[in-house]
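Engineer: My structure file upload_15.cif, mmCIF, C-alpha atoms and all ligand atoms, is below:
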data_data
loop_
_atom_site.label_atom_id
_atom_site.label_comp_id
_atom_site.auth_asym_id
_atom_site.auth_seq_id
_atom_site.Cartn_x
_atom_site.Cartn_y
_atom_site.Cartn_z
CA MET U 1468 23.38 6.77 4.20
CA LYS U 1469 22.48 9.14 1.41
CA ASN U 1470 23.14 7.60 -1.94
CA ILE U 1471 21.87 10.10 -4.46
CA GLU U 1472 23.33 8.30 -7.50
CA SER U 1473 20.93 5.44 -6.89
CA TYR U 1474 17.84 7.69 -7.16
CA PRO U 1475 15.95 7.82 -10.46
CA PRO U 1476 17.32 10.89 -12.34
CA VAL U 1477 14.11 12.99 -12.07
CA LEU U 1478 14.04 12.59 -8.28
CA ARG U 1479 17.78 13.24 -8.08
CA GLN U 1480 17.34 16.47 -9.99
CA VAL U 1481 14.65 17.81 -7.67
CA GLU U 1482 16.76 17.13 -4.60
CA GLU U 1483 19.79 18.76 -6.18
CA GLU U 1484 17.83 21.85 -7.18
CA ARG U 1485 16.03 22.18 -3.84
CA GLY U 1486 18.99 21.34 -1.60
CA GLY U 1487 19.19 23.72 1.35
CA LYS U 1488 15.89 25.55 0.72
CA SER U 1489 14.03 23.85 3.50
CA GLU U 1490 11.45 24.74 6.09
CA GLU U 1491 11.09 23.04 9.43
CA GLY U 1492 8.01 20.78 9.45
CA MET U 1493 5.94 20.07 12.53
CA GLU U 1494 5.18 16.50 13.44
CA ASP U 1495 2.66 15.25 15.91
CA ASP U 1496 3.87 12.46 18.13
CA ALA U 1497 0.70 10.76 19.33
CA ASP U 1498 -1.49 9.01 16.84
CA GLY U 1499 -4.32 7.21 18.68
CA VAL U 1500 -4.60 4.60 15.90
CA PRO U 1501 -6.65 1.59 17.18
CA ILE U 1502 -4.62 -1.49 18.07
CA ILE U 1503 -5.94 -4.93 17.18
CA ASP U 1504 -4.47 -8.09 18.64
CA LEU U 1505 -4.62 -10.87 16.05
CA GLU U 1506 -4.32 -13.60 18.69
CA TRP U 1507 -7.46 -12.34 20.41
CA LEU U 1508 -9.62 -11.83 17.37
CA GLU U 1509 -11.93 -14.67 18.39
CA ASP U 1510 -12.69 -12.77 21.56
CA GLU U 1511 -15.95 -10.78 21.52
CA GLN U 1512 -14.32 -7.62 22.84
CA GLU U 1513 -11.49 -7.64 20.29
CA TRP U 1514 -13.99 -8.41 17.55
CA ASN U 1515 -16.00 -5.32 18.54
CA LYS U 1516 -12.83 -3.27 18.53
CA LEU U 1517 -12.08 -4.46 15.00
CA ASP U 1518 -15.58 -3.49 13.88
CA GLU U 1519 -15.23 -0.01 15.41
CA ALA U 1520 -11.79 0.50 13.88
CA CYS U 1521 -13.10 -0.44 10.43
CA LYS U 1522 -16.08 1.89 10.77
CA ASP U 1523 -14.37 4.89 12.31
CA TRP U 1524 -10.85 4.70 10.94
CA GLY U 1525 -10.58 2.29 8.03
CA LEU U 1526 -7.17 1.46 9.46
CA PHE U 1527 -5.60 -0.16 12.50
CA ARG U 1528 -2.31 -1.27 13.95
CA LEU U 1529 -1.93 -5.04 14.21
CA VAL U 1530 0.01 -6.65 17.06
CA ASN U 1531 0.69 -10.31 17.81
CA HIS U 1532 0.50 -10.95 14.07
CA GLY U 1533 2.82 -13.95 14.18
CA VAL U 1534 5.27 -12.74 11.52
CA PRO U 1535 8.75 -13.22 12.96
CA PHE U 1536 10.38 -9.89 13.72
CA THR U 1537 13.56 -11.07 12.01
CA LEU U 1538 11.60 -11.62 8.79
CA LEU U 1539 10.11 -8.10 8.87
CA LYS U 1540 13.50 -6.62 9.57
CA HIS U 1541 15.37 -8.72 7.05
CA LEU U 1542 12.95 -7.74 4.29
CA GLN U 1543 13.37 -4.08 5.15
CA ASP U 1544 17.17 -4.45 5.06
CA LEU U 1545 17.14 -6.26 1.73
CA ALA U 1546 14.78 -3.68 0.24
CA LYS U 1547 17.21 -0.97 1.35
CA GLN U 1548 20.06 -2.81 -0.33
CA LEU U 1549 18.06 -3.21 -3.51
CA PHE U 1550 17.27 0.49 -3.75
CA CYS U 1551 20.90 1.40 -3.14
CA LEU U 1552 21.81 -0.12 -6.50
CA SER U 1553 22.30 2.32 -9.33
CA PHE U 1554 19.22 3.47 -11.21
CA GLU U 1555 20.40 1.62 -14.31
CA ALA U 1556 20.99 -1.60 -12.37
CA LYS U 1557 17.46 -1.44 -10.95
CA GLN U 1558 16.01 -0.95 -14.41
CA ALA U 1559 18.09 -3.75 -15.85
CA ALA U 1560 17.19 -6.13 -13.00
CA CYS U 1561 13.57 -6.26 -14.14
CA ILE U 1562 14.11 -6.89 -17.83
CA GLY U 1563 12.77 -10.31 -18.76
CA THR U 1564 11.25 -10.84 -15.31
CA PRO U 1565 7.68 -10.39 -14.02
CA LEU U 1566 8.93 -7.53 -11.83
CA THR U 1567 8.22 -3.89 -12.57
CA TYR U 1568 10.45 -1.05 -11.43
CA PHE U 1569 8.71 2.35 -11.33
CA TRP U 1570 9.40 5.82 -10.07
CA GLY U 1571 7.56 9.14 -9.83
CA THR U 1572 4.17 7.39 -9.67
CA PRO U 1573 2.69 4.32 -8.02
CA ALA U 1574 0.04 3.96 -10.77
CA LEU U 1575 0.72 1.43 -13.49
CA THR U 1576 -1.10 0.76 -16.76
CA PRO U 1577 -2.62 -2.70 -17.38
CA SER U 1578 0.56 -3.65 -19.21
CA ARG U 1579 2.34 -2.53 -16.03
CA THR U 1580 4.22 0.40 -17.46
CA PRO U 1581 4.28 3.39 -15.10
CA LEU U 1582 1.73 6.16 -15.64
CA THR U 1583 3.68 9.37 -15.21
CA ARG U 1584 1.97 12.68 -15.53
CA GLY U 1585 4.84 15.13 -15.77
CA PRO U 1586 7.02 16.72 -13.12
CA GLN U 1587 4.21 18.83 -11.53
CA ASN U 1588 2.44 15.96 -9.90
CA MET U 1589 5.30 13.58 -9.62
CA ASN U 1590 5.31 11.42 -6.52
CA PHE U 1591 8.63 11.31 -4.70
CA VAL U 1592 8.85 7.56 -4.72
CA GLU U 1593 10.41 4.60 -6.47
CA GLY U 1594 9.30 1.02 -6.14
CA PHE U 1595 9.15 -2.56 -7.28
CA ASP U 1596 5.96 -4.38 -8.04
CA LEU U 1597 6.04 -8.10 -7.29
CA PRO U 1598 2.97 -10.21 -8.03
CA PHE U 1599 3.05 -13.32 -5.85
CA SER U 1600 1.63 -15.58 -8.53
CA HIS U 1601 4.80 -14.96 -10.54
CA LEU U 1602 7.21 -15.47 -7.70
CA PRO U 1603 7.95 -19.15 -8.49
CA HIS U 1604 8.92 -18.17 -12.06
CA LEU U 1605 11.16 -15.37 -10.98
CA ASN U 1606 14.75 -16.29 -11.56
CA PRO U 1607 16.64 -13.12 -10.86
CA GLN U 1608 20.27 -12.55 -11.72
CA LEU U 1609 20.80 -10.17 -8.83
CA PRO U 1610 21.69 -11.86 -5.53
CA THR U 1611 19.66 -9.26 -3.57
CA LEU U 1612 16.57 -10.01 -5.62
CA HIS U 1613 17.15 -13.70 -5.21
CA SER U 1614 17.21 -13.32 -1.41
CA ILE U 1615 14.12 -11.11 -1.51
CA ARG U 1616 12.30 -13.75 -3.51
CA LEU U 1617 13.06 -16.40 -0.89
CA LEU U 1618 11.93 -14.19 1.97
CA LEU U 1619 8.80 -13.10 0.14
CA THR U 1620 7.71 -16.68 -0.30
CA GLU U 1621 7.67 -17.02 3.48
CA TYR U 1622 6.23 -13.54 3.97
CA GLU U 1623 3.36 -14.34 1.62
CA ARG U 1624 2.37 -17.34 3.72
CA HIS U 1625 2.11 -15.16 6.80
CA LEU U 1626 0.37 -12.26 5.13
CA SER U 1627 -2.23 -14.37 3.40
CA ARG U 1628 -2.97 -16.05 6.76
CA ILE U 1629 -3.35 -12.63 8.38
CA ALA U 1630 -5.53 -11.24 5.57
CA LYS U 1631 -7.73 -14.32 5.71
CA THR U 1632 -8.14 -14.18 9.49
CA ILE U 1633 -9.01 -10.50 9.47
CA PHE U 1634 -11.34 -10.83 6.51
CA GLU U 1635 -13.18 -13.75 8.06
CA ALA U 1636 -13.73 -11.80 11.27
CA MET U 1637 -15.12 -8.90 9.24
CA ALA U 1638 -17.27 -11.17 7.07
CA LYS U 1639 -18.79 -12.74 10.18
CA ARG U 1640 -19.54 -9.33 11.58
CA LEU U 1641 -21.04 -8.16 8.31
CA GLU U 1642 -22.98 -11.42 8.03
CA LEU U 1643 -21.69 -12.05 4.51
CA LYS U 1644 -22.59 -15.34 2.89
CA VAL U 1645 -19.63 -17.63 3.42
CA GLU U 1646 -19.48 -18.96 -0.15
CA GLY U 1647 -19.28 -15.53 -1.75
CA SER U 1648 -17.06 -14.04 0.88
CA LYS U 1649 -14.32 -16.61 0.21
CA SER U 1650 -13.67 -15.27 -3.28
CA TYR U 1651 -13.49 -11.68 -2.08
CA ILE U 1652 -9.92 -12.41 -1.13
CA ALA U 1653 -8.70 -14.57 -3.95
CA GLU U 1654 -5.70 -16.76 -3.21
CA ASN U 1655 -3.70 -15.80 -6.27
CA THR U 1656 -4.20 -12.04 -6.36
CA GLY U 1657 -1.85 -11.03 -3.54
CA MET U 1658 0.91 -8.71 -4.53
CA VAL U 1659 3.67 -6.87 -2.82
CA ARG U 1660 5.12 -3.46 -3.47
CA VAL U 1661 8.38 -2.32 -2.07
CA TYR U 1662 8.88 1.45 -1.92
CA ARG U 1663 11.63 3.89 -1.21
CA TYR U 1664 10.74 7.49 -0.54
CA PRO U 1665 13.93 9.48 -0.94
CA ASN U 1666 14.44 12.24 1.60
CA CYS U 1667 14.43 15.78 0.31
CA SER U 1668 15.55 18.92 2.10
CA ASP U 1669 12.58 20.81 0.69
CA THR U 1670 9.51 18.90 1.77
CA ASN U 1671 7.34 21.33 -0.21
CA VAL U 1672 8.28 19.65 -3.49
CA GLY U 1673 5.21 17.46 -3.16
CA TRP U 1674 4.32 14.08 -1.70
CA GLY U 1675 5.98 10.74 -1.45
CA MET U 1676 2.56 9.52 -2.48
CA GLU U 1677 -0.35 11.86 -2.97
CA ALA U 1678 -3.68 11.39 -1.18
CA HIS U 1679 -5.57 8.32 -2.35
CA THR U 1680 -7.57 5.30 -1.25
CA ASP U 1681 -6.36 1.81 -2.10
CA SER U 1682 -8.38 -0.24 -4.57
CA SER U 1683 -7.70 -3.42 -2.61
CA VAL U 1684 -9.81 -5.32 -0.09
CA LEU U 1685 -7.05 -4.99 2.49
CA SER U 1686 -3.55 -3.52 2.39
CA ILE U 1687 -1.02 -4.57 5.01
CA LEU U 1688 1.98 -2.38 5.53
CA ASN U 1689 5.35 -3.21 6.98
CA GLN U 1690 6.64 0.29 7.38
CA ASP U 1691 10.06 1.63 8.24
CA ASP U 1692 10.76 1.29 11.97
CA GLU U 1693 12.18 4.74 12.36
CA VAL U 1694 11.04 7.05 9.61
CA SER U 1695 7.49 8.32 9.61
CA GLY U 1696 5.62 9.42 6.50
CA LEU U 1697 2.23 7.73 6.35
CA GLN U 1698 -0.65 10.11 7.08
CA ILE U 1699 -4.36 9.36 7.17
CA LEU U 1700 -7.38 11.58 6.89
CA LYS U 1701 -9.42 11.24 10.06
CA ASP U 1702 -12.32 13.57 10.83
CA ASP U 1703 -11.06 16.01 8.18
CA GLN U 1704 -7.62 16.23 9.77
CA TRP U 1705 -4.38 14.69 8.56
CA LEU U 1706 -2.79 12.49 11.16
CA THR U 1707 0.66 10.88 11.06
CA VAL U 1708 0.72 7.13 11.70
CA LYS U 1709 3.70 6.53 13.96
CA PRO U 1710 6.23 3.89 12.96
CA ILE U 1711 6.21 1.27 15.74
CA SER U 1712 8.57 -1.64 15.51
CA ASN U 1713 7.13 -5.16 15.11
CA THR U 1714 3.63 -3.98 14.26
CA LEU U 1715 1.81 -3.97 10.93
CA ILE U 1716 -0.58 -1.34 9.65
CA VAL U 1717 -3.74 -2.67 8.06
CA ASN U 1718 -5.85 -0.40 5.92
CA LEU U 1719 -9.15 -1.08 4.24
CA GLY U 1720 -9.44 -0.49 0.53
CA ASP U 1721 -12.30 0.42 -1.80
CA MET U 1722 -13.33 -3.19 -2.34
CA MET U 1723 -13.86 -3.65 1.41
CA GLN U 1724 -15.93 -0.48 1.57
CA ALA U 1725 -18.17 -1.76 -1.24
CA ILE U 1726 -18.38 -5.30 0.17
CA SER U 1727 -19.50 -3.83 3.49
CA ASN U 1728 -22.01 -1.57 1.74
CA ASP U 1729 -20.22 1.47 3.21
CA ARG U 1730 -20.35 0.26 6.80
CA TYR U 1731 -16.56 0.14 6.68
CA LYS U 1732 -14.47 2.77 5.05
CA SER U 1733 -11.57 2.87 2.69
CA VAL U 1734 -9.19 5.26 4.39
CA THR U 1735 -7.74 8.23 2.52
CA HIS U 1736 -4.01 8.36 3.07
CA ARG U 1737 -0.84 9.87 1.71
CA VAL U 1738 2.89 9.73 2.34
CA SER U 1739 4.90 12.80 3.20
CA ILE U 1740 8.54 13.34 2.32
CA ASN U 1741 11.03 13.21 5.13
CA LYS U 1742 13.63 15.92 5.24
CA HIS U 1743 16.47 13.90 6.66
CA LYS U 1744 15.92 10.21 6.06
CA GLU U 1745 14.66 8.09 3.24
CA ARG U 1746 11.79 5.75 4.10
CA ILE U 1747 11.23 2.15 3.08
CA SER U 1748 7.86 0.45 3.16
CA ILE U 1749 6.64 -2.95 2.06
CA CYS U 1750 2.99 -3.12 1.21
CA TYR U 1751 0.94 -6.27 0.66
CA PHE U 1752 -2.36 -5.95 -1.18
CA VAL U 1753 -5.13 -8.47 -1.45
CA PHE U 1754 -7.88 -8.26 -4.10
CA PRO U 1755 -11.06 -10.11 -5.01
CA GLY U 1756 -10.90 -12.65 -7.82
CA GLU U 1757 -10.95 -10.61 -11.03
CA ASP U 1758 -14.39 -11.72 -12.12
CA VAL U 1759 -16.09 -11.91 -8.75
CA VAL U 1760 -19.13 -9.65 -8.74
CA ILE U 1761 -19.39 -7.32 -5.75
CA GLU U 1762 -22.99 -6.71 -4.90
CA SER U 1763 -24.37 -4.17 -2.47
CA SER U 1764 -27.32 -1.82 -2.31
CA LYS U 1765 -25.15 1.33 -2.58
CA TYR U 1766 -23.23 0.36 -5.68
CA LYS U 1767 -24.06 -1.14 -9.03
CA PRO U 1768 -22.74 -4.69 -9.24
CA PHE U 1769 -19.17 -4.63 -10.48
CA THR U 1770 -16.10 -6.80 -10.70
CA TYR U 1771 -12.64 -5.80 -9.57
CA ASN U 1772 -11.58 -6.00 -13.22
CA GLU U 1773 -14.16 -3.35 -14.15
CA PHE U 1774 -13.18 -1.19 -11.21
CA ARG U 1775 -9.51 -1.32 -12.13
CA ALA U 1776 -10.23 -0.51 -15.78
CA GLN U 1777 -12.28 2.54 -14.73
CA VAL U 1778 -9.51 3.75 -12.41
CA GLN U 1779 -6.94 3.43 -15.19
CA GLN U 1780 -9.18 5.30 -17.59
CA ASP U 1781 -9.79 8.14 -15.13
CA ILE U 1782 -6.10 8.51 -14.34
CA LYS U 1783 -5.35 8.70 -18.05
CA SER U 1784 -8.13 11.11 -18.97
CA ILE U 1785 -8.55 13.37 -15.92
CA GLY U 1786 -5.31 12.76 -14.09
CA HIS U 1787 -6.68 11.13 -10.96
CA LYS U 1788 -8.73 8.27 -9.63
CA ILE U 1789 -12.43 8.74 -8.91
CA GLY U 1790 -12.91 5.26 -7.50
CA LEU U 1791 -16.11 4.08 -5.83
CA PRO U 1792 -18.29 7.13 -6.60
CA ARG U 1793 -18.18 6.00 -10.26
CA PHE U 1794 -20.16 2.91 -9.28
CA LEU U 1795 -22.79 4.47 -7.02
CA HIS U 1796 -26.36 3.54 -7.85
CA TYR U 1797 -27.37 7.16 -7.57
CA GLN U 1798 -24.67 9.61 -8.49
CA ASP U 1799 -24.93 13.27 -7.51
CA SER U 1800 -25.28 15.37 -10.62
O1 LIG U 1901 4.30 3.53 1.86
C1 LIG U 1901 3.31 3.70 2.54
O2 LIG U 1901 3.38 3.93 3.74
C2 LIG U 1901 1.94 3.64 1.92
C3 LIG U 1901 1.91 3.10 0.54
C4 LIG U 1901 0.54 3.22 -0.06
O3 LIG U 1901 -0.28 3.97 0.36
C5 LIG U 1901 0.18 2.38 -1.22
O4 LIG U 1901 1.01 1.65 -1.72
O5 LIG U 1901 -0.98 2.42 -1.65
FE FE U 1902 -2.16 3.36 -0.38
#
Translate the structure described by the file into structure tokens.
Structural biologist:
Amino acid sequence: MKNIESYPPVLRQVEEERGGKSEEGMEDDADGVPIIDLEWLEDEQEWNKLDEACKDWGLFRLVNHGVPFTLLKHLQDLAKQLFCLSFEAKQAACIGTPLTYFWGTPALTPSRTPLTRGPQNMNFVEGFDLPFSHLPHLNPQLPTLHSIRLLLTEYERHLSRIAKTIFEAMAKRLELKVEGSKSYIAENTGMVRVYRYPNCSDTNVGWGMEAHTDSSVLSILNQDDEVSGLQILKDDQWLTVKPISNTLIVNLGDMMQAISNDRYKSVTHRVSINKHKERISICYFVFPGEDVVIESSKYKPFTYNEFRAQVQQDIKSIGHKIGLPRFLHYQDS
């Protein structure tokens, strides 16, 4: 169902202006993304597969993850309902709550106001930012948000279990010291973002989300069952990650790349705009404790807090994130 009144006005305007001026896009069907079975992660062979996936791809598809299919589906449906509300209702729903509603950019300032950079590099996306630590204090007026809150509490339990299991397997492989490695995925830093990428008949207007790497340790994506959009950069080629029902997509972020001293990579990815259908995705991010120092031989020691502050500063001053290269011991001049 197309519900253009519910889009943020700037996104609505683009679609109205571009309506009809479209070009057929080509989409590749096969993706070849490595598949990791969470139930078999203890097994030597699966463990090797995980290591390879993290080195070569920085991303994999997770099966047998233990999250009930009904929960994944229900969250998707509720997110759809939430986005169908009018723009004004979505704005109003967040006032006085720890939620943030944003559009046109996924980047937020430290005070969690959206960082927009004008219509030229606007991302064709709207979303809600939901930090898990605030979930118990969230007392939303909207029934849809209330239901989402209840489901997210259960979702969080599953996703933190998954993140922990995957991280522990990686840490063992990387021979990280157990004490330090625990705080690399801090209990209280998980957060979820729910996105809607409106469809647009002219896919040349830009990106749902422009190319970037995540700043997280791990990001776990529950993507739309039917509508594709996520693309990753693999061997200098963009590749579409197919939506496959009842699977999760796990991607490694900058923190994981640094923790692994560049053995693993933070995958560059972007989201394309779909011509015919809007796309919903629910992304869970896990970060190190804010003051935990990440030490490696490639990078100067830094905390996630420092990394985040640098990213914010770069976005503000030069318009985009530089990320890990800012922290290299030896920077190219
Ligand atoms: O929506 C997606 O598929 C990806 C979202 C994403 O890349 C992000 O939130 O960093
Ligand atoms: Fe991302």
Engineer: Hey, which of U:Lys1709, U:Lys1767, U:Arg1640, U:Lys1516 ends up closest to Asp1504 (chain U)? Count only C-alpha atoms.
Structural biologist: U:Lys1516
Engineer: Go through the chains and note each residue within 8 Å of ligand FE 1902 (chain U), using all atoms listed in the file, then give the set as an MDAnalysis selection string.
Structural biologist: chainID U and resid 1679:1681 1686 1735:1737
Engineer: In Å, rounded to a single decimal, give me how far CA of Leu1609 (chain U) is from CA of Ile1747 (chain U).
Structural biologist: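 Atom-to-atom, CA of Ile1747 (chain U) and CA of Leu1609 (chain U) are spaced 19.6 Å apart.
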Engineer: What does the list of residues within 7 Å of ligand LIG 1901 (chain U) look like if you count all atoms listed in the file, written as a PDB file with C-alpha atoms, keeping the file's coordinate frame?
Structural biologist:
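Below you can see out34.pdb, which holds the result:
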ATOM      1  CA  ARG U1660       5.120  -3.460  -3.470  1.00  0.00           C
ATOM      2  CA  TYR U1662       8.880   1.450  -1.920  1.00  0.00           C
ATOM      3  CA  MET U1676       2.560   9.520  -2.480  1.00  0.00           C
ATOM      4  CA  ASP U1681      -6.360   1.810  -2.100  1.00  0.00           C
ATOM      5  CA  LEU U1688       1.980  -2.380   5.530  1.00  0.00           C
ATOM      6  CA  GLN U1690       6.640   0.290   7.380  1.00  0.00           C
ATOM      7  CA  GLY U1696       5.620   9.420   6.500  1.00  0.00           C
ATOM      8  CA  LEU U1697       2.230   7.730   6.350  1.00  0.00           C
ATOM      9  CA  HIS U1736      -4.010   8.360   3.070  1.00  0.00           C
ATOM     10  CA  ARG U1737      -0.840   9.870   1.710  1.00  0.00           C
ATOM     11  CA  VAL U1738       2.890   9.730   2.340  1.00  0.00           C
ATOM     12  CA  SER U1748       7.860   0.450   3.160  1.00  0.00           C
ATOM     13  CA  ILE U1749       6.640  -2.950   2.060  1.00  0.00           C
ATOM     14  CA  CYS U1750       2.990  -3.120   1.210  1.00  0.00           C
TER      15      CYS U1750
END
Engineer: Quick one: residues within 6 Å of (7.0, -9.9, -10.3) (file frame), counting all atoms listed in the file, please, as a compact mmCIF listing (two decimals) with C-alpha atoms, in the frame of the given file.
Structural biologist:
# COMPACT_ATOMS: atom_id res chain seq x y z
CA PRO U 1565 7.68 -10.39 -14.02
CA LEU U 1566 8.93 -7.53 -11.83
CA LEU U 1597 6.04 -8.10 -7.29
CA PRO U 1598 2.97 -10.21 -8.03
CA HIS U 1601 4.80 -14.96 -10.54
Engineer: Which residue is closest to Leu1529 (chain U)? Choose from U:Leu1517, U:Ile1652, U:Leu1641, U:Val1592 and count all atoms listed in the file.
Structural biologist: U:Leu1517
Engineer: For region 1757-1759 of chain U, find every residue with an atom within 9 Å (counting all atoms listed in the file), except residues of its own chain fewer than 3 positions away, and show them as an NGL selection string.
Structural biologist: :U and (1647 or 1650-1651 or 1653 or 1656 or 1754 or 1769-1773)
Engineer: Using all atoms listed in the file and a cutoff of 8 Å, can you tell me which residues are near (-9.7, 2.8, 4.8) in the file's coordinates, and write them out as a PyMOL selection string?
Structural biologist: chain U and resi 1521+1524-1526+1680-1681+1718-1721+1724+1731-1735
Engineer: Mind giving me the straight-line distance from CA of His1796 (chain U) to CA of Lys1765 (chain U) in Å, one decimal?
Structural biologist: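 Between CA of His1796 (chain U) and CA of Lys1765 (chain U) the gap works out to 5.8 Å.
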Engineer: Excluding region 1628-1633 of chain U and any residue of its chain fewer than 4 positions from it, enumerate the residues within 9 Å of it, using all atoms listed in the file, and give them as a compact mmCIF listing (two decimals) with C-alpha atoms, in the frame of the given file.
Structural biologist:
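As a result, result32.txt now contains:
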# COMPACT_ATOMS: atom_id res chain seq x y z
CA LEU U 1505 -4.62 -10.87 16.05
CA LEU U 1508 -9.62 -11.83 17.37
CA LEU U 1517 -12.08 -4.46 15.00
CA HIS U 1532 0.50 -10.95 14.07
CA GLY U 1533 2.82 -13.95 14.18
CA GLU U 1623 3.36 -14.34 1.62
CA ARG U 1624 2.37 -17.34 3.72
CA MET U 1637 -15.12 -8.90 9.24
CA ALA U 1638 -17.27 -11.17 7.07
CA LYS U 1649 -14.32 -16.61 0.21
CA ILE U 1652 -9.92 -12.41 -1.13
CA LEU U 1685 -7.05 -4.99 2.49
CA SER U 1686 -3.55 -3.52 2.39
CA ILE U 1687 -1.02 -4.57 5.01
CA VAL U 1753 -5.13 -8.47 -1.45
Engineer: So how far away is CA of Lys1522 (chain U) from CA of Pro1768 (chain U), in Å?
Structural biologist: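 Rounded to one decimal, the two atoms are 22.1 Å apart.
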Engineer: Which of these residues is nearest to Asp1544 (chain U), using only C-alpha atoms: U:Ala1574, U:Leu1643, U:Val1661, U:Ile1471?
Structural biologist: U:Val1661
Engineer: Do you know which residues are at most 9 Å from Val1530 (chain U) counting only C-alpha atoms, after dropping those on the same chain fewer than 6 positions away, and could you put them as a list of chain:residue names?
Structural biologist: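 Residues meeting the cut-off are U:Ile1502, U:Ile1503, U:Asp1504, U:Leu1505, U:Glu1506, U:Asn1713, U:Thr1714, U:Leu1715.
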Engineer: Output C-alpha atoms of each residue in that selection to a file, as a PDB file, keeping the file's coordinate frame.
Structural biologist:
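As a result, result-v9.pdb now contains:
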ATOM      1  CA  ILE U1502      -4.620  -1.490  18.070  1.00  0.00           C
ATOM      2  CA  ILE U1503      -5.940  -4.930  17.180  1.00  0.00           C
ATOM      3  CA  ASP U1504      -4.470  -8.090  18.640  1.00  0.00           C
ATOM      4  CA  LEU U1505      -4.620 -10.870  16.050  1.00  0.00           C
ATOM      5  CA  GLU U1506      -4.320 -13.600  18.690  1.00  0.00           C
ATOM      6  CA  ASN U1713       7.130  -5.160  15.110  1.00  0.00           C
ATOM      7  CA  THR U1714       3.630  -3.980  14.260  1.00  0.00           C
ATOM      8  CA  LEU U1715       1.810  -3.970  10.930  1.00  0.00           C
TER       9      LEU U1715
END
Engineer: Which residue is closest to Lys1788 (chain U)? Choose from U:Trp1507, U:Met1589, U:Val1708, U:Ser1682 and count only C-alpha atoms.
Structural biologist: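 Going through U:Trp1507, U:Met1589, U:Val1708, U:Ser1682 one by one, the smallest distance to Lys1788 (chain U) is for U:Ser1682.
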Engineer: Report as a PDB file with C-alpha atoms, keeping the file's coordinate frame all protein, DNA and RNA residues lying within 8 Å of Ala1725 (chain U), evaluated on all atoms listed in the file, omitting residues in the same chain fewer than 3 positions from it.
Structural biologist:
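The file below, selection-v5.pdb, is the result:
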ATOM      1  CA  ASP U1721     -12.300   0.420  -1.800  1.00  0.00           C
ATOM      2  CA  MET U1722     -13.330  -3.190  -2.340  1.00  0.00           C
ATOM      3  CA  ASN U1728     -22.010  -1.570   1.740  1.00  0.00           C
ATOM      4  CA  ASP U1729     -20.220   1.470   3.210  1.00  0.00           C
ATOM      5  CA  ILE U1761     -19.390  -7.320  -5.750  1.00  0.00           C
ATOM      6  CA  GLU U1762     -22.990  -6.710  -4.900  1.00  0.00           C
ATOM      7  CA  SER U1763     -24.370  -4.170  -2.470  1.00  0.00           C
ATOM      8  CA  LYS U1765     -25.150   1.330  -2.580  1.00  0.00           C
ATOM      9  CA  TYR U1766     -23.230   0.360  -5.680  1.00  0.00           C
ATOM     10  CA  LEU U1791     -16.110   4.080  -5.830  1.00  0.00           C
TER      11      LEU U1791
END
Engineer: Using only C-alpha atoms, which residue out of U:Leu1549, U:Val1500, U:Leu1478, U:Ile1711 lies closest to Gln1698 (chain U)?
Structural biologist: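 Of U:Leu1549, U:Val1500, U:Leu1478, U:Ile1711, the one nearest Gln1698 (chain U), counting only C-alpha atoms, is U:Val1500.
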Engineer: Mind giving me the axis-aligned box for region 1549-1556 of chain U with 5 Å on every side, centre plus edges in Å to one decimal, as AutoDock Vina command-line options?
Structural biologist:
--center_x 19.8 --center_y 0.1 --center_z -8.7 --size_x 15.0 --size_y 16.7 --size_z 21.2
Engineer: Could you tell me which of U:Phe1599, U:Trp1674, U:Tyr1751, U:Phe1550 comes closest to Asn1655 (chain U) if we count only C-alpha atoms?
Structural biologist: U:Phe1599
